[in-house]
Amino acid sequence: MRILGLDLGERRVGVAVSDSLGLTAQPVGTLEITGDRDLLARIGALVREHEISRVVVGLPLNQDGSEGPRATRVLDLAGRIGATLGLPVETVDERFSSIEATRVLRDAPRKVRRQKGSVDRIAAAIILQNYLDADSR
């Protein structure tokens with residue numbers, strides 16, 4: 001079974017999926033969302049489409065590692081995702097995922113860099129890959 005990685009934003013959500021062995025993460029898209037109900041429905045569709053067994057969500061901690069308002073919102077959403085889908089949901093520190101995604105995109109073809117949501121889906125893949133790498137130890 002595969003693992004779904006999410007970079008939850010206010011309007012966009014980056015999405016990545018692991019391979020079936022749980023070794024690598026691939027960005028699969030960006031969701032433009034209109035609210036929590038829409039988000040939960042679209043994540044449910046992704047879970048069914050990709051046969052997901054676990055969800056990993058990036059947790060936006062403050063630079064000092066503390067939880068701020070954004071982290072509180074993400075933790076609430078992560079709990080609702082788990083309750084709605086009946087799947088385990090884990091959070092991963094995402095403090096530097098967007099910065100790393102921006103660096104990755106610098107080397108990408110211009111067409112990819114200009115696509116709306118590129119940073120979000122690459123950040124989701126980085127979050128998921130960090131989880132997979134930590135889990136394999």
# chains A, B, ... in the order shown; residues from 1 in each chain; ligands from 1
>>> residues_around(residues="range 78-87 of chain A", least_positions_apart="3", cutoff="8 Å", atoms="only C-alpha atoms", output="MDAnalysis selection string")
chainID A and resid 40 44 53:55 57 74:75 90:91
>>> write_last_selection(atoms="C-alpha atoms", output="PDB file, in the first residue's frame")
ATOM      1  CA  LEU A  40     -11.623  16.053   2.921  1.00  0.00           C
ATOM      2  CA  GLY A  44     -10.719  10.750   0.110  1.00  0.00           C
ATOM      3  CA  SER A  53      -2.797   3.068   3.646  1.00  0.00           C
ATOM      4  CA  ARG A  54      -1.353   6.041   5.595  1.00  0.00           C
ATOM      5  CA  VAL A  55      -1.251   9.824   5.312  1.00  0.00           C
ATOM      6  CA  VAL A  57       1.059  15.772   6.695  1.00  0.00           C
ATOM      7  CA  VAL A  74      -2.831  21.586  10.525  1.00  0.00           C
ATOM      8  CA  LEU A  75      -3.051  19.310  13.578  1.00  0.00           C
ATOM      9  CA  GLU A  90       1.220  11.314  10.987  1.00  0.00           C
ATOM     10  CA  THR A  91       2.807  14.746  10.953  1.00  0.00           C
TER      11      THR A  91
END
>>> select_by_dssp(residues="chain A", states="strand (DSSP E)", output="ChimeraX atom specification")
/A:2-8,12-18,25-32,52-59,89-93
>>> select_by_dssp(residues="chain A", states="alpha helix (DSSP H)", output="count of residues only")
65
>>> residues_around(residues="range 6-17 of chain A", least_positions_apart="5", cutoff="8 Å", atoms="only C-alpha atoms", output="ChimeraX atom specification")
/A:25-34,50,55-58,74,117,119-125,127-128
>>> write_last_selection(atoms="N, CA, C and O atoms", output="compact mmCIF listing (two decimals), in the first residue's frame")
# COMPACT_ATOMS: atom_id res chain seq x y z
N ALA A 25 9.18 9.05 -2.98
CA ALA A 25 8.00 9.91 -3.06
C ALA A 25 7.99 10.63 -4.41
O ALA A 25 9.03 11.11 -4.85
N GLN A 26 6.83 10.69 -5.02
CA GLN A 26 6.68 11.40 -6.28
C GLN A 26 5.59 12.45 -6.13
O GLN A 26 4.50 12.15 -5.63
N PRO A 27 5.85 13.68 -6.59
CA PRO A 27 4.79 14.69 -6.57
C PRO A 27 3.72 14.31 -7.58
O PRO A 27 4.04 13.87 -8.68
N VAL A 28 2.45 14.43 -7.20
CA VAL A 28 1.38 14.07 -8.13
C VAL A 28 0.45 15.23 -8.47
O VAL A 28 -0.33 15.11 -9.41
N GLY A 29 0.52 16.32 -7.73
CA GLY A 29 -0.33 17.44 -8.10
C GLY A 29 -0.54 18.42 -6.97
O GLY A 29 0.01 18.28 -5.88
N THR A 30 -1.35 19.40 -7.29
CA THR A 30 -1.73 20.43 -6.33
C THR A 30 -3.24 20.57 -6.38
O THR A 30 -3.83 20.64 -7.45
N LEU A 31 -3.86 20.59 -5.21
CA LEU A 31 -5.30 20.77 -5.11
C LEU A 31 -5.61 22.21 -4.79
O LEU A 31 -5.05 22.78 -3.85
N GLU A 32 -6.47 22.83 -5.57
CA GLU A 32 -7.01 24.14 -5.24
C GLU A 32 -8.26 23.84 -4.43
O GLU A 32 -9.17 23.17 -4.92
N ILE A 33 -8.31 24.29 -3.18
CA ILE A 33 -9.42 23.92 -2.31
C ILE A 33 -10.28 25.12 -1.96
O ILE A 33 -9.82 26.26 -1.96
N THR A 34 -11.55 24.83 -1.67
CA THR A 34 -12.50 25.89 -1.33
C THR A 34 -12.96 25.82 0.12
O THR A 34 -13.77 26.62 0.55
N HIS A 50 -5.28 5.94 -5.31
CA HIS A 50 -3.90 5.47 -5.18
C HIS A 50 -3.73 4.33 -4.16
O HIS A 50 -2.60 3.95 -3.87
N VAL A 55 -1.40 8.45 5.78
CA VAL A 55 -1.25 9.82 5.31
C VAL A 55 -0.19 10.52 6.17
O VAL A 55 -0.18 10.36 7.39
N VAL A 56 0.67 11.28 5.51
CA VAL A 56 1.70 12.06 6.19
C VAL A 56 1.45 13.53 5.84
O VAL A 56 1.34 13.87 4.67
N VAL A 57 1.36 14.36 6.87
CA VAL A 57 1.06 15.77 6.70
C VAL A 57 2.22 16.61 7.22
O VAL A 57 2.72 16.36 8.33
N GLY A 58 2.63 17.59 6.45
CA GLY A 58 3.67 18.50 6.89
C GLY A 58 3.16 19.41 8.00
O GLY A 58 2.09 19.99 7.89
N VAL A 74 -3.24 22.81 11.23
CA VAL A 74 -2.83 21.59 10.52
C VAL A 74 -3.09 20.36 11.40
O VAL A 74 -3.57 19.33 10.91
N GLY A 117 1.48 26.15 -8.33
CA GLY A 117 1.48 25.06 -7.36
C GLY A 117 2.70 24.16 -7.41
O GLY A 117 2.76 23.18 -6.68
N VAL A 119 5.75 24.62 -6.27
CA VAL A 119 6.42 24.56 -4.97
C VAL A 119 5.64 23.66 -4.02
O VAL A 119 6.22 22.88 -3.28
N ASP A 120 4.30 23.75 -4.05
CA ASP A 120 3.47 22.97 -3.13
C ASP A 120 3.63 21.46 -3.35
O ASP A 120 3.77 20.71 -2.39
N ARG A 121 3.59 21.03 -4.60
CA ARG A 121 3.69 19.58 -4.85
C ARG A 121 5.11 19.06 -4.61
O ARG A 121 5.29 17.95 -4.14
N ILE A 122 6.12 19.87 -4.92
CA ILE A 122 7.50 19.47 -4.64
C ILE A 122 7.71 19.43 -3.12
O ILE A 122 8.35 18.50 -2.60
N ALA A 123 7.16 20.40 -2.39
CA ALA A 123 7.27 20.41 -0.93
C ALA A 123 6.60 19.16 -0.35
O ALA A 123 7.13 18.54 0.59
N ALA A 124 5.45 18.76 -0.89
CA ALA A 124 4.77 17.55 -0.42
C ALA A 124 5.66 16.32 -0.63
O ALA A 124 5.75 15.45 0.24
N ALA A 125 6.33 16.26 -1.78
CA ALA A 125 7.23 15.13 -2.05
C ALA A 125 8.42 15.14 -1.09
O ALA A 125 8.85 14.08 -0.62
N ILE A 127 8.43 16.42 2.00
CA ILE A 127 7.88 16.02 3.30
C ILE A 127 7.74 14.51 3.36
O ILE A 127 8.16 13.87 4.33
N LEU A 128 7.14 13.93 2.32
CA LEU A 128 6.94 12.49 2.29
C LEU A 128 8.27 11.74 2.23
O LEU A 128 8.46 10.74 2.93
>>> residues_around(residues="Pro60 in chain A", least_positions_apart="3", cutoff="6 Å", atoms="only C-alpha atoms", output="PyMOL selection string")
chain A and resi 71+94-95
>>> write_last_selection(atoms="N, CA, C and O atoms", output="mmCIF file, in the first residue's frame")
data_model
loop_
_atom_site.group_PDB
_atom_site.id
_atom_site.type_symbol
_atom_site.label_atom_id
_atom_site.label_comp_id
_atom_site.auth_asym_id
_atom_site.auth_seq_id
_atom_site.Cartn_x
_atom_site.Cartn_y
_atom_site.Cartn_z
ATOM 1 N N ALA A 71 0.273 25.620 12.809
ATOM 2 C CA ALA A 71 0.473 24.233 13.239
ATOM 3 C C ALA A 71 -0.781 23.710 13.924
ATOM 4 O O ALA A 71 -1.181 22.551 13.703
ATOM 5 N N GLU A 94 7.923 20.353 8.736
ATOM 6 C CA GLU A 94 8.084 20.822 7.354
ATOM 7 C C GLU A 94 8.761 22.181 7.267
ATOM 8 O O GLU A 94 8.697 22.844 6.241
ATOM 9 N N ARG A 95 9.447 22.577 8.315
ATOM 10 C CA ARG A 95 9.992 23.940 8.373
ATOM 11 C C ARG A 95 10.793 24.357 7.149
ATOM 12 O O ARG A 95 10.758 25.497 6.751
#
>>> atom_distance(atom1="CA of Glu67 in chain A", atom2="CA of Ile126 in chain A")
20.5 Å
>>> atom_distance(atom1="CA of Ser20 in chain A", atom2="CA of Met1 in chain A")
5.6 Å
>>> atom_distance(atom1="CA of Ile3 in chain A", atom2="CA of Ala134 in chain A")
13.9 Å
>>> closest_residue(among="A:Glu49, A:Asp93, A:Gly5, A:Pro88", to="Asn62 in chain A", atoms="only C-alpha atoms")
A:Asp93
>>> decode(residues="range 54-67 of chain A", atoms="N, CA and C atoms", output="short mmCIF file (atom, residue, chain, number, x, y, z; two decimals), in the first residue's frame")
data_model
loop_
_atom_site.label_atom_id
_atom_site.label_comp_id
_atom_site.auth_asym_id
_atom_site.auth_seq_id
_atom_site.Cartn_x
_atom_site.Cartn_y
_atom_site.Cartn_z
N ARG A 54 -1.80 5.12 4.54
CA ARG A 54 -1.35 6.04 5.59
C ARG A 54 -1.20 7.43 4.97
N VAL A 55 -1.40 8.45 5.78
CA VAL A 55 -1.25 9.82 5.31
C VAL A 55 -0.19 10.52 6.17
N VAL A 56 0.67 11.28 5.51
CA VAL A 56 1.70 12.06 6.19
C VAL A 56 1.45 13.53 5.84
N VAL A 57 1.36 14.36 6.87
CA VAL A 57 1.06 15.77 6.70
C VAL A 57 2.22 16.61 7.22
N GLY A 58 2.63 17.59 6.45
CA GLY A 58 3.67 18.50 6.89
C GLY A 58 3.16 19.41 8.00
N LEU A 59 3.92 19.49 9.09
CA LEU A 59 3.55 20.32 10.24
C LEU A 59 4.40 21.59 10.24
N PRO A 60 3.76 22.76 10.04
CA PRO A 60 4.50 24.02 9.97
C PRO A 60 4.86 24.58 11.35
N LEU A 61 5.93 24.07 11.91
CA LEU A 61 6.39 24.55 13.21
C LEU A 61 7.09 25.90 13.06
N ASN A 62 7.14 26.65 14.16
CA ASN A 62 7.92 27.89 14.17
C ASN A 62 9.40 27.54 14.12
N GLN A 63 10.24 28.52 13.81
CA GLN A 63 11.67 28.26 13.70
C GLN A 63 12.27 27.67 14.96
N ASP A 64 11.70 28.01 16.12
CA ASP A 64 12.21 27.47 17.38
C ASP A 64 11.63 26.10 17.72
N GLY A 65 10.81 25.54 16.82
CA GLY A 65 10.22 24.23 17.03
C GLY A 65 8.88 24.24 17.75
N SER A 66 8.41 25.42 18.15
CA SER A 66 7.12 25.51 18.84
C SER A 66 5.97 25.51 17.83
N GLU A 67 4.78 25.25 18.34
CA GLU A 67 3.59 25.23 17.49
C GLU A 67 2.90 26.59 17.54
#
